[in-house]
$ cat entry23.cif   # mmCIF, C-alpha atoms
data_model
#
loop_
_atom_site.label_atom_id
_atom_site.label_comp_id
_atom_site.auth_asym_id
_atom_site.auth_seq_id
_atom_site.Cartn_x
_atom_site.Cartn_y
_atom_site.Cartn_z
CA MET N 284 -46.23 17.47 -15.97
CA ASP N 285 -44.71 16.04 -19.19
CA SER N 286 -41.42 14.12 -19.37
CA TYR N 287 -39.15 13.93 -22.38
CA LEU N 288 -36.00 11.90 -23.08
CA ILE N 289 -33.68 13.86 -25.32
CA GLN N 290 -30.77 12.13 -27.06
CA VAL N 291 -27.76 14.42 -27.50
CA THR N 292 -25.57 13.64 -30.49
CA GLY N 293 -21.83 13.53 -29.95
CA HIS N 294 -18.80 11.26 -29.89
CA GLY N 295 -19.71 9.36 -26.73
CA ASP N 296 -20.84 5.75 -26.93
CA PRO N 297 -23.67 5.47 -26.18
CA ALA N 298 -24.86 9.04 -26.73
CA PRO N 299 -25.93 10.66 -23.44
CA MET N 300 -29.63 10.94 -22.59
CA LEU N 301 -31.10 13.93 -20.78
CA ASP N 302 -34.24 13.36 -18.72
CA VAL N 303 -36.11 16.69 -18.88
CA HIS N 304 -39.29 17.47 -16.92
CA LEU N 305 -41.37 20.35 -18.23
CA LYS N 306 -44.47 21.89 -16.72
CA ASN N 307 -47.37 22.47 -19.12
CA THR N 308 -48.94 25.88 -18.34
CA GLY N 309 -51.37 26.01 -21.22
CA ASN N 310 -50.01 28.29 -23.95
CA THR N 311 -46.35 27.86 -23.01
CA ILE N 312 -44.08 25.22 -21.57
CA SER N 313 -41.70 26.41 -18.86
CA PRO N 314 -39.20 24.61 -16.65
CA GLY N 315 -40.94 23.08 -13.64
CA LYS N 316 -40.31 24.37 -10.13
CA VAL N 317 -39.84 22.26 -7.03
CA LYS N 318 -42.49 23.04 -4.48
CA GLY N 319 -41.24 24.57 -1.24
CA ARG N 320 -37.66 24.99 -2.43
CA LYS N 321 -36.12 28.41 -2.68
CA PRO N 322 -32.99 28.11 -4.86
CA ARG N 323 -29.77 28.90 -3.00
CA TRP N 324 -26.14 27.85 -3.16
CA ALA N 325 -25.35 25.08 -0.69
CA VAL N 326 -22.36 23.15 -2.00
CA ARG N 327 -20.76 20.90 0.61
CA ALA N 328 -18.09 18.23 0.53
CA SER N 329 -19.46 14.70 0.57
CA GLU N 330 -19.50 12.55 3.69
CA MET N 331 -17.10 10.15 1.96
CA SER N 332 -14.58 12.92 1.39
CA LYS N 333 -14.88 13.99 5.02
CA LYS N 334 -14.22 10.43 6.18
CA THR N 335 -11.12 10.13 3.99
CA PHE N 336 -8.09 10.57 6.22
CA ASN N 337 -4.49 9.62 5.49
CA PRO N 338 -2.50 9.46 8.75
CA VAL N 339 0.83 9.83 6.93
CA ARG N 340 -0.22 13.11 5.34
CA ALA N 341 -1.88 14.29 8.53
CA ILE N 342 1.32 13.78 10.54
CA VAL N 343 3.89 14.80 7.92
CA ASP N 344 2.00 17.91 6.79
CA ASN N 345 1.85 19.11 10.39
CA MET N 346 5.61 18.71 10.90
CA LYS N 347 6.40 22.43 10.63
CA VAL N 348 10.16 22.12 10.62
CA GLU N 349 12.98 23.39 8.44
CA PRO N 350 16.06 21.23 7.74
CA ASN N 351 19.51 22.34 8.83
CA PRO N 352 20.68 24.73 6.06
CA LYS N 353 24.28 23.64 6.61
CA LYS N 354 23.54 20.02 5.65
CA PRO N 355 21.93 18.76 2.44
CA MET N 356 18.64 16.98 2.99
CA ILE N 357 18.62 13.18 2.96
CA SER N 358 15.09 11.80 2.70
CA LEU N 359 14.64 8.23 3.93
CA SER N 360 10.87 8.62 4.02
CA LEU N 361 9.37 7.99 0.59
CA GLY N 362 8.67 4.44 -0.57
CA ASP N 363 9.45 5.25 -4.20
CA PRO N 364 12.48 3.35 -5.53
CA THR N 365 12.88 5.75 -8.48
CA VAL N 366 13.61 8.95 -6.52
CA PHE N 367 17.40 8.93 -6.62
CA GLY N 368 17.90 7.28 -10.01
CA ASN N 369 20.07 4.48 -8.62
CA LEU N 370 17.41 1.82 -9.26
CA PRO N 371 16.24 2.20 -12.87
CA THR N 372 13.92 -0.32 -14.42
CA ASN N 373 15.28 -2.74 -16.99
CA ASP N 374 15.78 -1.75 -20.64
CA GLU N 375 13.47 -4.56 -21.74
CA VAL N 376 10.67 -3.00 -19.68
CA THR N 377 10.99 0.43 -21.26
CA ARG N 378 11.50 -1.09 -24.72
CA ALA N 379 8.23 -2.99 -24.37
CA VAL N 380 6.34 0.25 -23.70
CA LYS N 381 8.07 2.06 -26.57
CA GLU N 382 7.09 -0.69 -29.00
CA VAL N 383 3.46 -0.51 -27.89
CA LEU N 384 3.40 3.27 -28.13
CA ASP N 385 4.87 3.19 -31.62
CA SER N 386 2.35 0.57 -32.74
CA GLY N 387 -0.58 2.93 -32.18
CA GLN N 388 -2.77 -0.05 -31.32
CA TYR N 389 -3.42 0.73 -27.65
CA ASN N 390 -4.77 4.27 -27.66
CA GLY N 391 -8.43 3.43 -27.10
CA TYR N 392 -10.54 2.01 -24.31
CA ALA N 393 -9.94 -1.52 -23.09
CA PRO N 394 -12.44 -3.71 -21.24
CA SER N 395 -12.74 -2.40 -17.67
CA VAL N 396 -11.16 -5.58 -16.27
CA GLY N 397 -8.28 -5.39 -18.78
CA TYR N 398 -7.51 -6.86 -22.17
CA GLN N 399 -8.07 -10.61 -22.29
CA SER N 400 -4.53 -11.22 -23.58
CA CYS N 401 -3.06 -9.20 -20.70
CA ARG N 402 -5.11 -11.08 -18.12
CA GLU N 403 -3.88 -14.31 -19.70
CA ALA N 404 -0.28 -13.09 -19.41
CA VAL N 405 -0.64 -12.30 -15.69
CA ALA N 406 -2.40 -15.60 -15.03
CA ALA N 407 0.38 -17.49 -16.83
CA TYR N 408 3.08 -15.61 -14.88
CA TYR N 409 1.61 -16.49 -11.46
CA ASN N 410 0.01 -19.84 -12.27
CA CYS N 411 1.39 -22.82 -10.36
CA PRO N 412 0.05 -26.26 -9.40
CA GLU N 413 -0.51 -25.15 -5.79
CA ALA N 414 -2.56 -22.10 -6.85
CA PRO N 415 -3.79 -22.44 -10.45
CA LEU N 416 -4.94 -19.31 -12.28
CA LYS N 417 -6.79 -18.57 -15.50
CA ALA N 418 -7.49 -15.29 -17.24
CA GLN N 419 -10.94 -15.02 -15.64
CA ASP N 420 -9.20 -15.05 -12.22
CA VAL N 421 -7.39 -11.78 -13.02
CA ILE N 422 -8.72 -8.22 -12.75
CA LEU N 423 -6.32 -5.53 -13.96
CA THR N 424 -6.36 -2.28 -11.96
CA SER N 425 -4.83 1.16 -11.85
CA GLY N 426 -1.98 0.25 -9.53
CA CYS N 427 -2.01 -2.01 -6.48
CA SER N 428 -3.73 0.69 -4.44
CA GLN N 429 -6.81 0.44 -6.66
CA ALA N 430 -6.64 -3.34 -6.44
CA ILE N 431 -6.83 -3.01 -2.64
CA GLU N 432 -9.68 -0.51 -2.93
CA LEU N 433 -11.73 -2.80 -5.21
CA ALA N 434 -11.04 -5.83 -3.02
CA LEU N 435 -12.20 -3.97 0.10
CA ALA N 436 -15.24 -2.57 -1.69
CA VAL N 437 -16.39 -5.97 -2.90
CA LEU N 438 -15.83 -7.78 0.42
CA ALA N 439 -17.09 -5.30 3.02
CA ASN N 440 -20.21 -3.23 3.57
CA PRO N 441 -20.54 -0.08 5.70
CA GLY N 442 -20.86 -1.14 9.33
CA GLN N 443 -18.72 -4.25 8.89
CA ASN N 444 -15.10 -4.44 10.03
CA ILE N 445 -11.78 -5.54 8.58
CA LEU N 446 -8.64 -6.77 10.36
CA VAL N 447 -5.56 -4.68 9.59
CA PRO N 448 -1.92 -5.13 10.73
CA ARG N 449 -0.31 -2.77 13.24
CA PRO N 450 2.16 -1.44 12.18
CA GLY N 451 0.71 -1.43 8.69
CA PHE N 452 0.32 0.45 5.42
CA SER N 453 -1.84 3.48 6.16
CA LEU N 454 -3.93 3.20 2.97
CA TYR N 455 -5.94 0.26 4.34
CA LYS N 456 -7.43 2.46 7.05
CA THR N 457 -7.80 5.46 4.74
CA LEU N 458 -9.85 3.47 2.24
CA ALA N 459 -11.90 1.56 4.79
CA LEU N 460 -12.99 4.55 6.85
CA SER N 461 -14.00 6.46 3.73
CA MET N 462 -16.34 3.54 2.91
CA GLY N 463 -17.83 3.43 6.40
CA ILE N 464 -15.97 0.22 7.27
CA GLU N 465 -14.58 -0.19 10.79
CA VAL N 466 -10.88 -1.01 11.17
CA LYS N 467 -9.64 -3.41 13.84
CA LEU N 468 -5.87 -3.41 14.30
CA TYR N 469 -4.08 -6.66 15.09
CA ASN N 470 -0.55 -6.56 16.51
CA LEU N 471 2.70 -7.55 14.85
CA LEU N 472 5.51 -8.58 17.19
CA PRO N 473 8.91 -6.90 16.68
CA GLU N 474 10.62 -9.41 18.95
CA LYS N 475 9.48 -12.17 16.57
CA ALA N 476 10.59 -10.41 13.36
CA TRP N 477 7.14 -8.85 13.05
CA GLU N 478 5.13 -12.07 13.04
CA ILE N 479 1.40 -11.69 13.73
CA ASP N 480 0.16 -12.04 17.30
CA LEU N 481 -2.24 -14.81 16.31
CA GLU N 482 -4.08 -14.91 19.62
CA HIS N 483 -4.76 -11.18 19.43
CA LEU N 484 -5.78 -11.49 15.77
CA GLU N 485 -8.35 -14.20 16.44
CA SER N 486 -9.77 -12.33 19.45
CA LEU N 487 -10.81 -9.48 17.15
CA VAL N 488 -13.01 -11.58 14.86
CA ASP N 489 -16.77 -11.16 15.27
CA GLU N 490 -19.92 -11.62 13.21
CA LYS N 491 -19.25 -8.34 11.37
CA THR N 492 -15.71 -9.20 10.24
CA ALA N 493 -15.58 -9.04 6.44
CA CYS N 494 -11.93 -9.86 5.73
CA LEU N 495 -8.40 -10.17 7.06
CA ILE N 496 -5.63 -8.13 5.40
CA VAL N 497 -2.26 -9.89 5.28
CA ASN N 498 0.66 -7.80 3.99
CA ASN N 499 3.64 -9.99 3.14
CA PRO N 500 6.41 -8.91 2.55
CA SER N 501 5.58 -5.98 4.78
CA ASN N 502 5.48 -2.24 4.44
CA PRO N 503 6.63 -0.73 6.82
CA CYS N 504 8.44 -3.61 8.51
CA GLY N 505 10.46 -5.25 5.74
CA SER N 506 9.48 -8.62 7.24
CA VAL N 507 8.79 -11.83 5.33
CA PHE N 508 6.58 -14.51 6.90
CA SER N 509 7.77 -18.09 6.98
CA LYS N 510 5.72 -20.87 5.44
CA SER N 511 4.78 -22.20 8.87
CA HIS N 512 3.59 -18.79 10.07
CA LEU N 513 1.49 -18.29 6.95
CA GLN N 514 -0.09 -21.69 7.59
CA GLU N 515 -0.95 -20.56 11.13
CA ILE N 516 -2.58 -17.41 9.74
CA LEU N 517 -4.58 -19.51 7.27
CA ALA N 518 -5.70 -21.78 10.11
CA VAL N 519 -7.22 -18.77 11.91
CA ALA N 520 -8.96 -17.61 8.72
CA SER N 521 -10.28 -21.11 8.08
CA ARG N 522 -11.58 -21.58 11.64
CA GLN N 523 -13.32 -18.23 11.59
CA CYS N 524 -14.48 -18.41 7.94
CA VAL N 525 -12.91 -15.04 7.14
CA PRO N 526 -11.59 -14.41 3.60
CA ILE N 527 -8.11 -12.94 3.11
CA LEU N 528 -7.09 -9.85 1.22
CA ALA N 529 -3.38 -10.48 0.54
CA ASP N 530 -1.33 -7.38 -0.21
CA GLU N 531 1.62 -8.96 -2.03
CA ILE N 532 2.96 -5.96 -3.95
CA TYR N 533 6.44 -6.81 -2.62
CA GLY N 534 6.08 -10.48 -3.58
CA ASP N 535 9.43 -12.06 -4.50
CA MET N 536 11.21 -8.90 -3.29
CA VAL N 537 13.00 -10.88 -0.60
CA PHE N 538 16.66 -11.28 0.30
CA THR N 539 18.71 -14.36 -0.56
CA ASP N 540 18.54 -15.96 2.88
CA CYS N 541 14.73 -15.95 2.84
CA LYS N 542 11.94 -17.51 0.76
CA TYR N 543 8.71 -15.84 -0.26
CA GLU N 544 5.57 -17.99 -0.24
CA PRO N 545 2.43 -16.59 -1.90
CA ILE N 546 -0.23 -17.26 0.72
CA ALA N 547 -2.66 -18.73 -1.83
CA THR N 548 -0.23 -21.61 -2.54
CA LEU N 549 -0.65 -22.86 1.02
CA SER N 550 -4.44 -23.24 1.23
CA THR N 551 -7.21 -24.80 -0.82
CA ASN N 552 -10.13 -23.84 1.41
CA VAL N 553 -9.58 -20.15 2.34
CA PRO N 554 -10.76 -17.77 -0.42
CA ILE N 555 -8.12 -15.13 -1.16
CA LEU N 556 -7.95 -11.93 -3.19
CA SER N 557 -4.24 -11.33 -3.83
CA CYS N 558 -3.26 -7.78 -4.84
CA GLY N 559 -0.05 -7.00 -6.70
CA GLY N 560 1.38 -5.02 -9.58
CA LEU N 561 4.40 -3.75 -11.48
CA ALA N 562 5.28 -0.91 -9.08
CA LYS N 563 7.98 -2.34 -6.84
CA ARG N 564 9.40 -5.51 -8.40
CA TRP N 565 9.74 -3.76 -11.78
CA LEU N 566 10.54 -0.34 -10.23
CA VAL N 567 7.84 1.60 -12.09
CA PRO N 568 5.31 2.80 -9.46
CA GLY N 569 4.18 5.71 -11.64
CA TRP N 570 2.98 3.41 -14.41
CA ARG N 571 -0.07 2.48 -12.30
CA MET N 572 -0.48 -1.15 -13.29
CA GLY N 573 -1.89 -3.53 -10.68
CA TRP N 574 -4.03 -6.64 -10.48
CA ILE N 575 -6.26 -8.76 -8.31
CA LEU N 576 -5.75 -12.53 -8.44
CA ILE N 577 -8.86 -14.46 -7.39
CA HIS N 578 -8.08 -17.71 -5.57
CA ASP N 579 -11.30 -19.56 -4.83
CA ARG N 580 -10.84 -23.30 -5.28
CA ARG N 581 -13.82 -24.18 -3.06
CA ASP N 582 -16.10 -21.75 -4.93
CA ILE N 583 -16.80 -19.77 -1.76
CA PHE N 584 -16.62 -16.42 -3.54
CA GLY N 585 -18.54 -17.89 -6.47
CA ASN N 586 -19.99 -15.54 -9.06
CA GLU N 587 -21.03 -13.10 -6.36
CA ILE N 588 -17.53 -11.69 -5.75
CA ARG N 589 -16.35 -12.07 -9.35
CA ASP N 590 -19.36 -10.20 -10.72
CA GLY N 591 -18.95 -7.57 -8.02
CA LEU N 592 -15.34 -6.96 -9.01
CA VAL N 593 -16.33 -6.61 -12.65
CA ARG N 594 -18.99 -4.04 -11.77
CA LEU N 595 -16.63 -2.09 -9.54
CA SER N 596 -13.94 -2.08 -12.23
CA GLN N 597 -16.39 -0.29 -14.51
CA ARG N 598 -16.26 2.82 -12.35
CA ILE N 599 -13.02 4.01 -14.01
CA LEU N 600 -12.96 1.86 -17.18
CA GLY N 601 -9.72 0.05 -16.45
CA PRO N 602 -6.00 0.88 -16.17
CA CYS N 603 -3.64 2.48 -18.69
CA THR N 604 -3.89 0.70 -22.04
CA ILE N 605 -0.32 1.52 -23.09
CA VAL N 606 1.10 -0.35 -20.10
CA GLN N 607 -1.44 -3.14 -20.61
CA GLY N 608 -0.20 -3.56 -24.16
CA ALA N 609 3.37 -3.94 -22.89
CA LEU N 610 2.47 -6.21 -19.98
CA GLU N 611 3.02 -9.58 -21.61
CA ARG N 612 6.44 -8.53 -22.89
CA ILE N 613 7.42 -7.06 -19.53
CA LEU N 614 6.53 -10.27 -17.71
CA ARG N 615 8.14 -12.51 -20.31
CA ARG N 616 11.25 -10.56 -21.34
CA THR N 617 12.57 -9.04 -18.10
CA PRO N 618 15.83 -10.93 -17.45
CA PRO N 619 16.34 -12.66 -14.08
CA GLU N 620 19.56 -10.68 -13.58
CA PHE N 621 17.52 -7.51 -13.21
CA TYR N 622 15.65 -8.88 -10.18
CA HIS N 623 18.85 -10.30 -8.68
CA ASN N 624 20.70 -6.99 -9.03
CA THR N 625 17.86 -5.03 -7.40
CA LEU N 626 17.71 -7.41 -4.47
CA SER N 627 21.48 -7.39 -4.09
CA ILE N 628 21.48 -3.59 -3.75
CA LEU N 629 18.56 -3.64 -1.29
CA LYS N 630 20.13 -6.34 0.87
CA SER N 631 23.48 -4.57 0.93
CA ASN N 632 21.80 -1.32 1.99
CA ALA N 633 19.70 -3.15 4.59
CA ASP N 634 22.78 -4.81 6.09
CA LEU N 635 24.72 -1.52 6.17
CA CYS N 636 21.83 0.35 7.74
CA TYR N 637 21.04 -2.35 10.29
CA ALA N 638 24.67 -2.65 11.39
CA ALA N 639 25.15 1.12 11.68
CA LEU N 640 21.93 1.75 13.61
CA SER N 641 22.48 -1.25 15.90
CA ALA N 642 25.65 0.41 17.17
CA ILE N 643 23.82 3.59 18.24
CA PRO N 644 22.81 3.79 21.92
CA GLY N 645 19.07 4.24 22.32
CA LEU N 646 18.07 2.67 18.97
CA GLN N 647 16.96 -0.90 18.30
CA PRO N 648 16.52 -1.69 14.60
CA VAL N 649 14.65 -4.84 13.56
CA ARG N 650 16.51 -6.68 10.79
CA PRO N 651 14.46 -6.76 7.56
CA ALA N 652 14.18 -9.78 5.25
CA GLY N 653 12.70 -8.11 2.17
CA ALA N 654 10.75 -5.20 0.67
CA MET N 655 12.38 -1.76 0.93
CA TYR N 656 12.21 -0.81 4.61
CA LEU N 657 13.34 -1.40 8.14
CA MET N 658 11.81 -0.27 11.39
CA VAL N 659 13.82 1.19 14.26
CA GLU N 660 12.69 1.35 17.87
CA ILE N 661 13.50 4.53 19.79
CA GLU N 662 14.16 3.79 23.47
CA MET N 663 12.27 6.89 24.49
CA GLU N 664 13.34 6.64 28.13
CA HIS N 665 16.84 7.58 26.95
CA PHE N 666 15.58 10.60 25.03
CA PRO N 667 13.38 12.25 27.68
CA GLU N 668 13.42 15.69 26.04
CA PHE N 669 11.25 14.28 23.22
CA GLU N 670 7.58 13.54 23.82
CA ASN N 671 7.26 10.91 21.10
CA ASP N 672 8.54 9.57 17.78
CA VAL N 673 7.07 12.53 15.87
CA GLU N 674 9.04 15.04 17.94
CA PHE N 675 12.16 12.86 17.68
CA THR N 676 11.99 12.76 13.87
CA GLU N 677 11.16 16.48 13.66
CA ARG N 678 14.32 17.35 15.56
CA LEU N 679 16.31 14.90 13.44
CA ILE N 680 15.26 16.94 10.40
CA SER N 681 15.96 20.34 11.93
CA GLU N 682 19.36 19.38 13.32
CA GLN N 683 20.68 16.78 10.85
CA SER N 684 18.53 17.19 7.70
CA VAL N 685 17.61 13.50 7.77
CA PHE N 686 13.93 12.69 7.21
CA CYS N 687 12.59 9.35 8.48
CA LEU N 688 8.89 8.66 8.85
CA PRO N 689 7.69 8.46 12.46
CA ALA N 690 5.97 5.12 12.93
CA SER N 691 2.93 6.86 14.38
CA CYS N 692 2.07 7.09 10.67
CA PHE N 693 1.65 3.31 10.83
CA GLU N 694 -0.22 3.23 14.18
CA TYR N 695 3.00 2.21 15.97
CA PRO N 696 4.50 4.97 18.15
CA ASN N 697 8.11 5.19 19.32
CA PHE N 698 9.58 3.67 16.15
CA PHE N 699 10.62 5.20 12.85
CA ARG N 700 10.82 3.75 9.34
CA VAL N 701 13.86 3.91 7.09
CA VAL N 702 13.64 3.46 3.30
CA ILE N 703 16.65 1.51 2.03
CA THR N 704 16.42 2.31 -1.70
CA VAL N 705 18.71 5.35 -1.51
CA PRO N 706 22.32 5.17 -2.78
CA GLU N 707 24.83 3.50 -0.46
CA GLU N 708 26.78 6.69 0.27
CA MET N 709 23.55 8.39 1.37
CA ILE N 710 22.69 5.47 3.66
CA LEU N 711 26.11 5.75 5.33
CA GLU N 712 25.92 9.53 5.63
CA ALA N 713 22.38 9.40 7.03
CA CYS N 714 23.34 6.78 9.62
CA SER N 715 26.36 8.86 10.62
CA ARG N 716 24.13 11.89 11.17
CA ILE N 717 21.57 9.82 13.11
CA GLN N 718 24.42 8.63 15.34
CA GLU N 719 25.56 12.21 15.94
CA PHE N 720 21.99 13.23 16.76
CA CYS N 721 21.46 10.37 19.21
CA GLU N 722 24.79 10.93 20.94
CA MET N 723 23.84 14.58 21.38
CA HIS N 724 20.49 13.78 23.03
CA TYR N 725 20.99 10.37 24.64
CA GLN N 726 20.58 10.24 28.40
CA GLY N 727 21.62 7.27 30.51
CA ALA N 728 19.33 6.05 33.25
CA GLU N 729 20.56 8.64 35.76
CA GLY N 730 20.61 11.54 33.29
CA ALA N 731 17.13 10.78 32.10
CA GLN N 732 15.87 10.62 35.66
CA ASP N 733 17.45 14.00 36.48
CA LEU N 734 15.91 15.57 33.39
CA GLU N 735 12.47 14.25 34.34
CA CYS N 736 12.85 15.79 37.81
CA ASP N 737 13.77 19.17 36.26
CA LYS N 738 10.54 19.19 34.33
#
$ encode --input "entry23.cif" --output "structure tokens"
Amino acid sequence: MDSYLIQVTGHGDPAPMLDVHLKNTGNTISPGKVKGRKPRWAVRASEMSKKTFNPVRAIVDNMKVEPNPKKPMISLSLGDPTVFGNLPTNDEVTRAVKEVLDSGQYNGYAPSVGYQSCREAVAAYYNCPEAPLKAQDVILTSGCSQAIELALAVLANPGQNILVPRPGFSLYKTLALSMGIEVKLYNLLPEKAWEIDLEHLESLVDEKTACLIVNNPSNPCGSVFSKSHLQEILAVASRQCVPILADEIYGDMVFTDCKYEPIATLSTNVPILSCGGLAKRWLVPGWRMGWILIHDRRDIFGNEIRDGLVRLSQRILGPCTIVQGALERILRRTPPEFYHNTLSILKSNADLCYAALSAIPGLQPVRPAGAMYLMVEIEMEHFPEFENDVEFTERLISEQSVFCLPASCFEYPNFFRVVITVPEEMILEACSRIQEFCEMHYQGAEGAQDLECDK
């Protein structure tokens, strides 16, 4: 059996190499055959693809329900602030991209971790005495979701486990299970504005725990942790020697009566990978620009994690170069008024929605402090004709053409999530329809008991 390496000329760099094995049969050379193998088609999906499961899609795609044709649809389900056009990004942001595009200087490949100048810009934007950053502490990614994926992939091996909030962003579980990583859900407490149940959290830690995910401000809860609560979370991580993956995509997206504290500014000894991006604060989720900030002042991650992140980033050769080229100008030129105006609209919508839903019998909204959401408890005992939150929200669509996500999507049944980025008039109309729906189906204690007996 002879082996040959054949270099194929082309535009790739380096040129691809084909490893060809040929069988010498004397006078001729023919392709070798594998002993004992009869060629046949047997194409199957990979195990990773089979383990990839998004609970939001699984629940929503199975909601076979048509909206009420007499009422226009109002969707309060999608966490995309651009859908209705009432929250455009700032002119300086779009101008920065136009200038880069016109320059023609950012049409090629960049380093897989991002251009050095762009990493410097992100480091400068987030650098502070409590959590210093340099360019080498920044990995640019294709959106915050890829930042989370890389962070999980570098911290956890198949067979290990990660600690994930409940209710929480469904992507954590989707990514982890596809990688063969076990997910352990720790509880958030609605009666304490969605603070972490610290005792429950710590009880889940074992020798196979690879990291703790902390999402602050929260999707789906709209909660913002206080400085003291973040310090309590860090104390658990420090005691148990568990690194933190901080999902801070909604960082600084908090209302005026609240203060956002990046978790890395509150600890010098817990290693933290903080994930963020342009998507929400700059209202451009489709631009797919994210980053990982490496906070490791005790050198616990060391070169091991940094090198691992570099290698993992090479799988897709980095994020969009056009947006990278505009990044420094976006961070530097966006006027403060833009952020203030966005937050003012979100807070006004949150207050309107919270007040309206609080007045509806059978619903208990939890007041948000930031991000773009609020969670609403359904007192299911007063709606006995519905089995669960999924059935409740299905009927809300079919009768009132209002679409809210059932919180089963976030591992938290008997709640639903409302997105507060829609225009004010839509918020008011949606809440009015939800009130009509609840009044139609609400049963007091006696009525609910009678209905249960009839079943």
$ resolve_selection --input "entry23.cif" --expression "the PyMOL selection byres ((chain N and resi 371) around 10)" --output "short mmCIF file (atom, residue, chain, number, x, y, z; two decimals) with C-alpha atoms, keeping the file's coordinate frame"
data_model
loop_
_atom_site.label_atom_id
_atom_site.label_comp_id
_atom_site.auth_asym_id
_atom_site.auth_seq_id
_atom_site.Cartn_x
_atom_site.Cartn_y
_atom_site.Cartn_z
CA PRO N 364 12.48 3.35 -5.53
CA THR N 365 12.88 5.75 -8.48
CA VAL N 366 13.61 8.95 -6.52
CA PHE N 367 17.40 8.93 -6.62
CA GLY N 368 17.90 7.28 -10.01
CA ASN N 369 20.07 4.48 -8.62
CA LEU N 370 17.41 1.82 -9.26
CA THR N 372 13.92 -0.32 -14.42
CA ASN N 373 15.28 -2.74 -16.99
CA ASP N 374 15.78 -1.75 -20.64
CA TRP N 565 9.74 -3.76 -11.78
CA LEU N 566 10.54 -0.34 -10.23
CA VAL N 567 7.84 1.60 -12.09
CA PHE N 621 17.52 -7.51 -13.21
CA THR N 625 17.86 -5.03 -7.40
#
$ resolve_selection --input "entry23.cif" --expression "the PyMOL selection byres ((chain N and resi 335-346) around 10)" --output "ChimeraX atom specification"
/N:330-334,347-349,452-463,673-674,676-678,680,688-694
$ closest_residue --input "entry23.cif" --among "N:Ala434, N:Val488, N:Met572, N:Leu595" --to "Ile555 in chain N" --atoms "all atoms listed in the file"
N:Ala434
$ residues_around --input "entry23.cif" --residues "range 657-664 of chain N" --least-positions-apart "4" --cutoff "10 Å" --atoms "only C-alpha atoms" --output "VMD selection string"
chain N and resid 450 473 477 501 to 506 633 636 to 637 640 to 641 644 to 653 668 to 672 675 688 to 690 695 to 703 721 725 to 728 731 to 732 735
$ residues_around --input "entry23.cif" --residues "Asp385 in chain N" --least-positions-apart "6" --cutoff "12 Å" --atoms "all atoms listed in the file" --output "MDAnalysis selection string"
chainID N and resid 378:379 605 608:609
$ atom_distance --input "entry23.cif" --atom1 "CA of Asn351 in chain N" --atom2 "CA of Val685 in chain N"
9.1 Å
$ closest_residue --input "entry23.cif" --among "N:Leu517, N:Ala642, N:Leu435, N:Val525" --to "Pro545 in chain N" --atoms "all atoms listed in the file"
N:Leu517
$ resolve_selection --input "entry23.cif" --expression "the PyMOL selection byres ((chain N and resi 437) around 12)" --output "PDB file with C-alpha atoms, in the frame of the given file"
ATOM      1  CA  ALA N 430      -6.640  -3.340  -6.440  1.00  0.00           C
ATOM      2  CA  ILE N 431      -6.830  -3.010  -2.640  1.00  0.00           C
ATOM      3  CA  GLU N 432      -9.680  -0.510  -2.930  1.00  0.00           C
ATOM      4  CA  LEU N 433     -11.730  -2.800  -5.210  1.00  0.00           C
ATOM      5  CA  ALA N 434     -11.040  -5.830  -3.020  1.00  0.00           C
ATOM      6  CA  LEU N 435     -12.200  -3.970   0.100  1.00  0.00           C
ATOM      7  CA  ALA N 436     -15.240  -2.570  -1.690  1.00  0.00           C
ATOM      8  CA  LEU N 438     -15.830  -7.780   0.420  1.00  0.00           C
ATOM      9  CA  ALA N 439     -17.090  -5.300   3.020  1.00  0.00           C
ATOM     10  CA  ASN N 440     -20.210  -3.230   3.570  1.00  0.00           C
ATOM     11  CA  PRO N 441     -20.540  -0.080   5.700  1.00  0.00           C
ATOM     12  CA  ALA N 459     -11.900   1.560   4.790  1.00  0.00           C
ATOM     13  CA  MET N 462     -16.340   3.540   2.910  1.00  0.00           C
ATOM     14  CA  ILE N 464     -15.970   0.220   7.270  1.00  0.00           C
ATOM     15  CA  ALA N 493     -15.580  -9.040   6.440  1.00  0.00           C
ATOM     16  CA  CYS N 494     -11.930  -9.860   5.730  1.00  0.00           C
ATOM     17  CA  PRO N 526     -11.590 -14.410   3.600  1.00  0.00           C
ATOM     18  CA  LEU N 528      -7.090  -9.850   1.220  1.00  0.00           C
ATOM     19  CA  LEU N 556      -7.950 -11.930  -3.190  1.00  0.00           C
ATOM     20  CA  ILE N 575      -6.260  -8.760  -8.310  1.00  0.00           C
ATOM     21  CA  PHE N 584     -16.620 -16.420  -3.540  1.00  0.00           C
ATOM     22  CA  ASN N 586     -19.990 -15.540  -9.060  1.00  0.00           C
ATOM     23  CA  GLU N 587     -21.030 -13.100  -6.360  1.00  0.00           C
ATOM     24  CA  ILE N 588     -17.530 -11.690  -5.750  1.00  0.00           C
ATOM     25  CA  ARG N 589     -16.350 -12.070  -9.350  1.00  0.00           C
ATOM     26  CA  ASP N 590     -19.360 -10.200 -10.720  1.00  0.00           C
ATOM     27  CA  GLY N 591     -18.950  -7.570  -8.020  1.00  0.00           C
ATOM     28  CA  LEU N 592     -15.340  -6.960  -9.010  1.00  0.00           C
ATOM     29  CA  VAL N 593     -16.330  -6.610 -12.650  1.00  0.00           C
ATOM     30  CA  ARG N 594     -18.990  -4.040 -11.770  1.00  0.00           C
ATOM     31  CA  LEU N 595     -16.630  -2.090  -9.540  1.00  0.00           C
ATOM     32  CA  SER N 596     -13.940  -2.080 -12.230  1.00  0.00           C
TER      33      SER N 596
END
$ atom_distance --input "entry23.cif" --atom1 "CA of Arg612 in chain N" --atom2 "CA of Val383 in chain N"
9.9 Å
